[in-house]
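Asker: Dropping in data-v1.cif, with mmCIF, C-alpha atoms and all ligand atoms.
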data_entry
loop_
_atom_site.label_atom_id
_atom_site.label_comp_id
_atom_site.auth_asym_id
_atom_site.auth_seq_id
_atom_site.Cartn_x
_atom_site.Cartn_y
_atom_site.Cartn_z
CA MET A 118 -58.61 -33.39 -9.60
CA GLU A 119 -61.44 -34.09 -7.18
CA ILE A 120 -62.72 -31.96 -4.36
CA HIS A 121 -63.96 -33.54 -1.13
CA VAL A 122 -67.00 -32.10 0.60
CA TYR A 123 -67.31 -33.07 4.27
CA ASP A 124 -70.67 -32.33 5.83
CA GLU A 125 -71.69 -34.25 8.93
CA MET A 126 -75.31 -33.11 8.59
CA ASN A 127 -75.88 -33.74 4.90
CA GLY A 128 -73.34 -36.34 3.90
CA SER A 129 -69.97 -36.20 2.24
CA GLY A 130 -68.61 -36.92 -1.20
CA LYS A 131 -65.97 -36.38 -3.87
CA PHE A 132 -66.71 -34.17 -6.84
CA SER A 133 -65.10 -32.90 -10.00
CA VAL A 134 -65.02 -29.17 -10.65
CA GLU A 135 -67.77 -29.70 -13.24
CA GLU A 136 -69.99 -31.54 -10.77
CA LEU A 137 -69.54 -28.89 -8.08
CA SER A 138 -70.22 -25.97 -10.37
CA ALA A 139 -73.19 -27.70 -12.01
CA LEU A 140 -74.95 -27.79 -8.65
CA ALA A 141 -74.59 -24.03 -8.18
CA PRO A 142 -77.74 -22.00 -8.86
CA VAL A 143 -75.93 -18.65 -9.09
CA HIS A 144 -73.02 -18.13 -11.46
CA LEU A 145 -71.18 -14.87 -11.98
CA SER A 146 -68.02 -13.25 -13.21
CA ALA A 147 -65.58 -13.07 -10.33
CA GLY A 148 -64.90 -9.42 -11.19
CA GLU A 149 -68.45 -8.54 -10.14
CA ARG A 150 -67.43 -9.09 -6.51
CA VAL A 151 -63.65 -9.06 -6.47
CA GLU A 152 -61.85 -6.19 -8.10
CA GLY A 153 -59.15 -7.22 -10.51
CA VAL A 154 -60.10 -10.91 -10.63
CA ALA A 155 -61.36 -12.47 -13.86
CA GLY A 156 -63.01 -15.83 -14.42
CA ARG A 157 -66.16 -17.86 -13.89
CA ALA A 158 -67.38 -18.24 -10.35
CA PHE A 159 -70.32 -19.55 -8.37
CA ASP A 160 -71.89 -18.03 -5.28
CA TRP A 161 -71.11 -20.03 -2.15
CA LEU A 162 -74.21 -19.60 0.06
CA SER A 163 -76.62 -20.54 -2.70
CA TRP A 164 -74.41 -23.50 -3.58
CA TYR A 165 -74.77 -24.68 0.00
CA GLY A 166 -78.54 -24.16 -0.17
CA ALA A 167 -78.77 -26.33 -3.28
CA TRP A 168 -76.48 -28.94 -1.75
CA ARG A 169 -78.60 -29.20 1.37
CA GLN A 170 -81.80 -29.38 -0.65
CA GLN A 171 -80.42 -32.17 -2.81
CA ARG A 172 -79.21 -34.12 0.17
CA LYS A 173 -81.59 -33.92 3.07
CA GLY A 174 -84.05 -31.18 2.32
CA SER A 175 -83.82 -27.65 3.61
CA ASP A 176 -84.23 -28.32 7.33
CA GLY A 177 -81.33 -28.61 9.68
CA PRO A 178 -78.91 -26.29 11.39
CA VAL A 179 -76.99 -23.58 9.59
CA PRO A 180 -73.23 -24.15 9.71
CA THR A 181 -71.15 -21.99 12.01
CA HIS A 182 -68.06 -22.04 9.79
CA LEU A 183 -66.66 -23.02 6.44
CA ARG A 184 -63.22 -24.58 6.37
CA VAL A 185 -61.35 -24.98 3.10
CA VAL A 186 -58.14 -26.96 2.76
CA ALA A 187 -55.75 -26.54 -0.15
CA ALA A 188 -53.50 -28.96 -1.97
CA ASP A 189 -50.47 -27.37 -0.27
CA GLU A 190 -52.19 -27.77 3.15
CA PHE A 191 -52.90 -24.08 3.50
CA GLN A 192 -56.32 -23.76 5.10
CA ALA A 193 -58.82 -21.19 6.27
CA THR A 194 -61.75 -21.37 8.68
CA ILE A 195 -64.31 -18.63 8.21
CA PRO A 196 -67.39 -17.73 10.28
CA TRP A 197 -70.58 -18.26 8.30
CA THR A 198 -71.57 -14.60 8.83
CA GLU A 199 -68.62 -13.46 6.68
CA LEU A 200 -69.66 -15.53 3.69
CA ASP A 201 -72.52 -13.47 2.23
CA GLN A 202 -70.42 -12.48 -0.78
CA ALA A 203 -68.16 -15.53 -0.87
CA LEU A 204 -67.59 -17.27 -4.17
CA PHE A 205 -65.58 -20.04 -5.72
CA LEU A 206 -63.65 -19.24 -8.85
CA TYR A 207 -63.71 -22.42 -10.96
CA ALA A 208 -62.70 -21.57 -14.53
CA GLN A 209 -61.08 -18.92 -16.61
CA GLU A 210 -63.30 -16.54 -18.55
CA ASP A 211 -63.20 -18.84 -21.61
CA GLY A 212 -64.26 -21.87 -19.56
CA THR A 213 -60.87 -23.59 -19.43
CA PRO A 214 -59.46 -24.75 -16.06
CA LEU A 215 -57.80 -22.20 -13.78
CA LYS A 216 -54.12 -21.63 -14.38
CA LYS A 217 -53.69 -20.19 -10.91
CA GLY A 218 -55.65 -21.70 -8.02
CA TYR A 219 -56.70 -24.92 -9.81
CA PRO A 220 -59.00 -26.71 -9.21
CA ILE A 221 -61.01 -23.99 -7.46
CA ARG A 222 -60.26 -20.86 -5.45
CA LEU A 223 -62.30 -19.32 -2.65
CA TYR A 224 -62.76 -15.55 -2.41
CA VAL A 225 -64.21 -13.91 0.69
CA PRO A 226 -64.98 -10.27 -0.18
CA ASP A 227 -66.46 -9.65 3.31
CA GLY A 228 -63.54 -11.31 5.09
CA ASN A 229 -60.94 -9.39 7.02
CA SER A 230 -57.98 -10.51 4.92
CA ALA A 231 -56.96 -11.40 1.39
CA CYS A 232 -55.17 -14.31 3.03
CA LEU A 233 -58.57 -16.06 3.17
CA ASN A 234 -58.68 -16.30 -0.62
CA VAL A 235 -57.47 -19.88 -0.58
CA LYS A 236 -56.05 -21.23 -3.84
CA SER A 237 -56.21 -24.86 -4.96
CA VAL A 238 -59.00 -25.92 -2.63
CA VAL A 239 -59.28 -29.72 -2.46
CA ALA A 240 -61.50 -30.08 0.61
CA ILE A 241 -64.56 -28.18 1.79
CA HIS A 242 -65.71 -28.77 5.37
CA LEU A 243 -69.05 -27.62 6.71
CA LEU A 244 -68.63 -27.05 10.44
CA TYR A 245 -71.59 -26.82 12.79
CA ASN A 246 -70.01 -26.49 16.21
CA GLU A 247 -67.04 -24.15 15.99
CA GLU A 248 -66.88 -21.19 18.33
CA ALA A 249 -64.13 -18.94 16.97
CA SER A 250 -65.63 -15.56 16.12
CA GLU A 251 -62.76 -14.56 13.85
CA SER A 252 -61.55 -16.23 10.70
CA GLU A 253 -58.30 -18.15 10.84
CA PHE A 254 -55.85 -19.21 8.18
CA GLY A 255 -52.43 -20.77 7.79
CA PHE A 256 -50.66 -24.02 7.11
CA LYS A 257 -51.90 -27.09 8.93
CA ASN A 258 -49.70 -28.06 11.81
CA LYS A 259 -48.80 -31.60 11.00
CA VAL A 260 -45.88 -33.60 12.24
CA SER A 261 -45.07 -36.87 10.50
CA PRO A 262 -44.18 -39.99 12.51
CA ASP A 263 -40.62 -39.68 11.20
CA GLU A 264 -40.33 -36.10 12.41
CA LEU A 265 -41.74 -37.14 15.78
CA ARG A 266 -39.07 -39.80 16.16
CA GLU A 267 -36.43 -37.26 15.24
CA PHE A 268 -37.70 -34.73 17.80
CA ARG A 269 -37.87 -37.38 20.50
CA GLY A 270 -34.25 -38.17 19.96
CA ARG A 271 -33.22 -34.56 20.26
CA PHE A 272 -35.13 -33.15 23.19
N1 LIG B 1 -53.31 -22.68 -1.28
C1 LIG B 1 -52.90 -21.51 -0.83
N2 LIG B 1 -53.74 -20.45 -0.89
C2 LIG B 1 -53.35 -19.25 -0.44
C3 LIG B 1 -52.07 -19.07 0.13
C4 LIG B 1 -51.20 -20.20 0.20
O1 LIG B 1 -50.05 -20.15 0.69
N3 LIG B 1 -51.65 -21.38 -0.31
N4 LIG B 1 -51.71 -17.85 0.62
C5 LIG B 1 -52.81 -16.94 1.00
C6 LIG B 1 -52.33 -15.62 1.26
S1 LIG B 1 -51.50 -15.41 2.75
C7 LIG B 1 -52.56 -14.57 0.43
S2 LIG B 1 -52.14 -13.01 0.87
C8 LIG B 1 -53.19 -14.77 -0.90
C9 LIG B 1 -52.30 -14.27 -2.02
O2 LIG B 1 -52.99 -14.38 -3.21
P1 LIG B 1 -52.31 -14.13 -4.62
O3 LIG B 1 -51.34 -15.25 -4.88
O4 LIG B 1 -53.40 -14.10 -5.62
O5 LIG B 1 -51.58 -12.80 -4.51
O6 LIG B 1 -53.48 -16.13 -1.16
C10 LIG B 1 -53.90 -16.88 -0.05
N5 LIG B 1 -54.22 -18.20 -0.52
MO MO B 2 -51.52 -13.15 3.05
#
Write out the structure in this file as structure tokens.
Answerer:
Amino acid sequence: MEIHVYDEMNGSGKFSVEELSALAPVHLSAGERVEGVAGRAFDWLSWYGAWRQQRKGSDGPVPTHLRVVAADEFQATIPWTELDQALFLYAQEDGTPLKKGYPIRLYVPDGNSACLNVKSVVAIHLLYNEEASESEFGFKNKVSPDELREFRGRF
């Protein structure tokens, strides 16, 4: 399964779990930051630093928010200031793919809710112009054209 990275400042792309984690300069055991969680993880902020360096060099604005979107359309948008301890869990302790949260799972130890620990992340958005000061999470509000037609007929 591939993970999309969307970054209007540094370019976008599609990556395998292996490609994403290979770019990360700081790897750790998830349990070092999240009690009761086991597995291999990489630090988020230093991943972003390496990403930016590889793409455009280290200049440029710092993002305001990170948004992650999951395979089930659950998503979270988190202010950059809450991400100091954030990490992505990407493999079990023995290196095999995650059984829960595959392909990767975000953890936000400094966040205000465990609800931000988004499982099965398939898209990572770097946002540079969001204003919300609090993190947000939930299922995307999406109405299909079929549903729209149905609503129109009823109301
Ligand atoms: N993809 C996805 N991630 C998700 C959710 C979800 O519905 N889908 N629920 C969130 C919520 S509300 C909580 S409280 C935690 C629950 O994590 P757990 O399954 O490890 O207990 O996962 C979060 N991550
Ligand atoms: Mo939750």
Asker: Write out as a VMD selection string the residues lying within 9 Å of stretch 230-232 of chain A, counting only C-alpha atoms and excluding same-chain residues fewer than 4 positions away.
Answerer: chain A and resid 193 224 to 226 252 254 to 255
Asker: Residues within 8 Å of A:Ala188, please, as an NGL selection string. Count all atoms listed in the file; anything in the same chain fewer than 6 positions from it doesn't count.
Answerer: :A and (237-239)
Asker: Around ligand LIG 1 (chain B), with edges along x, y and z and 8 Å added on all six sides, what centre and edge lengths do you get, in Å to one decimal, as JSON?
Answerer:
{"center_x": -52.1, "center_y": -17.7, "center_z": -1.4, "size_x": 20.2, "size_y": 25.9, "size_z": 24.4}
Asker: Considering only C-alpha atoms, return as a list of chain:residue names whatever protein or nucleic-acid residues lie within 8 Å of stretch 215-219 of chain A, sequence-local ones (same chain, fewer than 6 positions apart) excluded.
Answerer: A:Tyr207, A:Ala208, A:Gln209, A:Val235, A:Lys236, A:Ser237, A:Val238
Asker: Take atom CA of A:Ala139 and atom CA of A:Trp168 and report the distance between them in Å, one decimal.
Answerer: 10.8 Å
Asker: Got a moment to write stretch 220-235 of chain A out with all heavy atoms, as a PDB file, in the first residue's frame?
Answerer:
ATOM      1  N   PRO A 220      -1.051   0.902   6.754  1.00  0.00           N
ATOM      2  CA  PRO A 220       0.405   0.766   6.647  1.00  0.00           C
ATOM      3  C   PRO A 220       1.202   1.487   7.740  1.00  0.00           C
ATOM      4  O   PRO A 220       2.224   0.982   8.171  1.00  0.00           O
ATOM      5  CB  PRO A 220       0.709   1.382   5.283  1.00  0.00           C
ATOM      6  CG  PRO A 220      -0.410   2.343   5.036  1.00  0.00           C
ATOM      7  CD  PRO A 220      -1.625   1.757   5.699  1.00  0.00           C
ATOM      8  N   ILE A 221       0.732   2.663   8.166  1.00  0.00           N
ATOM      9  CA  ILE A 221       1.442   3.359   9.243  1.00  0.00           C
ATOM     10  C   ILE A 221       0.419   4.020  10.164  1.00  0.00           C
ATOM     11  O   ILE A 221      -0.720   4.291   9.771  1.00  0.00           O
ATOM     12  CB  ILE A 221       2.435   4.440   8.719  1.00  0.00           C
ATOM     13  CG1 ILE A 221       1.721   5.482   7.862  1.00  0.00           C
ATOM     14  CG2 ILE A 221       3.576   3.792   7.939  1.00  0.00           C
ATOM     15  CD1 ILE A 221       2.614   6.668   7.457  1.00  0.00           C
ATOM     16  N   ARG A 222       0.841   4.242  11.403  1.00  0.00           N
ATOM     17  CA  ARG A 222      -0.052   4.884  12.373  1.00  0.00           C
ATOM     18  C   ARG A 222       0.643   6.056  13.039  1.00  0.00           C
ATOM     19  O   ARG A 222       1.771   5.932  13.500  1.00  0.00           O
ATOM     20  CB  ARG A 222      -0.481   3.878  13.447  1.00  0.00           C
ATOM     21  CG  ARG A 222      -1.414   4.522  14.455  1.00  0.00           C
ATOM     22  CD  ARG A 222      -1.975   3.566  15.475  1.00  0.00           C
ATOM     23  NE  ARG A 222      -3.057   4.230  16.187  1.00  0.00           N
ATOM     24  CZ  ARG A 222      -3.837   3.653  17.094  1.00  0.00           C
ATOM     25  NH1 ARG A 222      -3.656   2.369  17.387  1.00  0.00           N
ATOM     26  NH2 ARG A 222      -4.791   4.338  17.696  1.00  0.00           N
ATOM     27  N   LEU A 223      -0.062   7.171  13.090  1.00  0.00           N
ATOM     28  CA  LEU A 223       0.461   8.365  13.772  1.00  0.00           C
ATOM     29  C   LEU A 223       0.183   8.279  15.269  1.00  0.00           C
ATOM     30  O   LEU A 223      -0.904   7.840  15.670  1.00  0.00           O
ATOM     31  CB  LEU A 223      -0.224   9.611  13.204  1.00  0.00           C
ATOM     32  CG  LEU A 223       0.146  10.951  13.861  1.00  0.00           C
ATOM     33  CD1 LEU A 223       1.592  11.339  13.545  1.00  0.00           C
ATOM     34  CD2 LEU A 223      -0.806  12.055  13.415  1.00  0.00           C
ATOM     35  N   TYR A 224       1.147   8.697  16.079  1.00  0.00           N
ATOM     36  CA  TYR A 224       0.896   8.925  17.512  1.00  0.00           C
ATOM     37  C   TYR A 224       1.308  10.345  17.848  1.00  0.00           C
ATOM     38  O   TYR A 224       2.349  10.820  17.378  1.00  0.00           O
ATOM     39  CB  TYR A 224       1.696   7.944  18.380  1.00  0.00           C
ATOM     40  CG  TYR A 224       1.054   6.576  18.471  1.00  0.00           C
ATOM     41  CD1 TYR A 224       1.427   5.554  17.609  1.00  0.00           C
ATOM     42  CD2 TYR A 224       0.064   6.325  19.424  1.00  0.00           C
ATOM     43  CE1 TYR A 224       0.829   4.305  17.689  1.00  0.00           C
ATOM     44  CE2 TYR A 224      -0.536   5.080  19.513  1.00  0.00           C
ATOM     45  CZ  TYR A 224      -0.151   4.081  18.643  1.00  0.00           C
ATOM     46  OH  TYR A 224      -0.750   2.839  18.719  1.00  0.00           O
ATOM     47  N   VAL A 225       0.497  11.017  18.650  1.00  0.00           N
ATOM     48  CA  VAL A 225       0.766  12.402  19.044  1.00  0.00           C
ATOM     49  C   VAL A 225       0.789  12.481  20.570  1.00  0.00           C
ATOM     50  O   VAL A 225      -0.206  12.849  21.204  1.00  0.00           O
ATOM     51  CB  VAL A 225      -0.312  13.364  18.480  1.00  0.00           C
ATOM     52  CG1 VAL A 225       0.096  14.815  18.708  1.00  0.00           C
ATOM     53  CG2 VAL A 225      -0.552  13.109  17.001  1.00  0.00           C
ATOM     54  N   PRO A 226       1.927  12.140  21.188  1.00  0.00           N
ATOM     55  CA  PRO A 226       1.988  12.130  22.647  1.00  0.00           C
ATOM     56  C   PRO A 226       1.659  13.476  23.295  1.00  0.00           C
ATOM     57  O   PRO A 226       1.122  13.507  24.397  1.00  0.00           O
ATOM     58  CB  PRO A 226       3.443  11.726  22.940  1.00  0.00           C
ATOM     59  CG  PRO A 226       3.869  10.963  21.735  1.00  0.00           C
ATOM     60  CD  PRO A 226       3.167  11.626  20.589  1.00  0.00           C
ATOM     61  N   ASP A 227       1.957  14.600  22.593  1.00  0.00           N
ATOM     62  CA  ASP A 227       1.653  15.926  23.143  1.00  0.00           C
ATOM     63  C   ASP A 227       0.248  16.400  22.779  1.00  0.00           C
ATOM     64  O   ASP A 227      -0.137  17.516  23.130  1.00  0.00           O
ATOM     65  CB  ASP A 227       2.639  16.981  22.605  1.00  0.00           C
ATOM     66  CG  ASP A 227       4.037  16.790  23.169  1.00  0.00           C
ATOM     67  OD1 ASP A 227       4.184  16.075  24.173  1.00  0.00           O
ATOM     68  OD2 ASP A 227       4.978  17.369  22.587  1.00  0.00           O
ATOM     69  N   GLY A 228      -0.487  15.625  22.047  1.00  0.00           N
ATOM     70  CA  GLY A 228      -1.816  16.048  21.607  1.00  0.00           C
ATOM     71  C   GLY A 228      -2.812  15.965  22.750  1.00  0.00           C
ATOM     72  O   GLY A 228      -2.535  15.386  23.797  1.00  0.00           O
ATOM     73  N   ASN A 229      -3.992  16.546  22.533  1.00  0.00           N
ATOM     74  CA  ASN A 229      -4.952  16.582  23.633  1.00  0.00           C
ATOM     75  C   ASN A 229      -5.911  15.396  23.629  1.00  0.00           C
ATOM     76  O   ASN A 229      -6.830  15.345  24.416  1.00  0.00           O
ATOM     77  CB  ASN A 229      -5.735  17.907  23.605  1.00  0.00           C
ATOM     78  CG  ASN A 229      -6.410  18.136  22.273  1.00  0.00           C
ATOM     79  OD1 ASN A 229      -6.499  17.220  21.446  1.00  0.00           O
ATOM     80  ND2 ASN A 229      -6.895  19.340  22.039  1.00  0.00           N
ATOM     81  N   SER A 230      -5.679  14.421  22.745  1.00  0.00           N
ATOM     82  CA  SER A 230      -6.602  13.300  22.688  1.00  0.00           C
ATOM     83  C   SER A 230      -5.980  12.084  22.018  1.00  0.00           C
ATOM     84  O   SER A 230      -5.236  12.217  21.043  1.00  0.00           O
ATOM     85  CB  SER A 230      -7.842  13.718  21.894  1.00  0.00           C
ATOM     86  OG  SER A 230      -8.636  12.593  21.615  1.00  0.00           O
ATOM     87  N   ALA A 231      -6.296  10.920  22.527  1.00  0.00           N
ATOM     88  CA  ALA A 231      -5.860   9.674  21.891  1.00  0.00           C
ATOM     89  C   ALA A 231      -6.547   9.481  20.547  1.00  0.00           C
ATOM     90  O   ALA A 231      -6.125   8.668  19.731  1.00  0.00           O
ATOM     91  CB  ALA A 231      -6.155   8.480  22.801  1.00  0.00           C
ATOM     92  N   CYS A 232      -7.606  10.243  20.327  1.00  0.00           N
ATOM     93  CA  CYS A 232      -8.321  10.169  19.056  1.00  0.00           C
ATOM     94  C   CYS A 232      -7.434  10.618  17.890  1.00  0.00           C
ATOM     95  O   CYS A 232      -7.737  10.330  16.730  1.00  0.00           O
ATOM     96  CB  CYS A 232      -9.574  11.030  19.101  1.00  0.00           C
ATOM     97  SG  CYS A 232     -10.634  10.736  20.521  1.00  0.00           S
ATOM     98  N   LEU A 233      -6.355  11.353  18.195  1.00  0.00           N
ATOM     99  CA  LEU A 233      -5.452  11.837  17.141  1.00  0.00           C
ATOM    100  C   LEU A 233      -4.495  10.752  16.653  1.00  0.00           C
ATOM    101  O   LEU A 233      -3.755  10.962  15.685  1.00  0.00           O
ATOM    102  CB  LEU A 233      -4.627  13.020  17.661  1.00  0.00           C
ATOM    103  CG  LEU A 233      -5.437  14.222  18.132  1.00  0.00           C
ATOM    104  CD1 LEU A 233      -4.507  15.255  18.772  1.00  0.00           C
ATOM    105  CD2 LEU A 233      -6.195  14.842  16.963  1.00  0.00           C
ATOM    106  N   ASN A 234      -4.486   9.619  17.313  1.00  0.00           N
ATOM    107  CA  ASN A 234      -3.563   8.544  16.946  1.00  0.00           C
ATOM    108  C   ASN A 234      -4.142   7.767  15.761  1.00  0.00           C
ATOM    109  O   ASN A 234      -4.649   6.657  15.900  1.00  0.00           O
ATOM    110  CB  ASN A 234      -3.321   7.628  18.145  1.00  0.00           C
ATOM    111  CG  ASN A 234      -2.687   8.381  19.310  1.00  0.00           C
ATOM    112  OD1 ASN A 234      -2.003   9.389  19.106  1.00  0.00           O
ATOM    113  ND2 ASN A 234      -2.913   7.898  20.512  1.00  0.00           N
ATOM    114  N   VAL A 235      -4.060   8.385  14.605  1.00  0.00           N
ATOM    115  CA  VAL A 235      -4.786   7.881  13.431  1.00  0.00           C
ATOM    116  C   VAL A 235      -4.149   6.606  12.871  1.00  0.00           C
ATOM    117  O   VAL A 235      -2.952   6.577  12.572  1.00  0.00           O
ATOM    118  CB  VAL A 235      -4.869   8.967  12.331  1.00  0.00           C
ATOM    119  CG1 VAL A 235      -5.601   8.437  11.113  1.00  0.00           C
ATOM    120  CG2 VAL A 235      -5.556  10.211  12.877  1.00  0.00           C
TER     121      VAL A 235
END
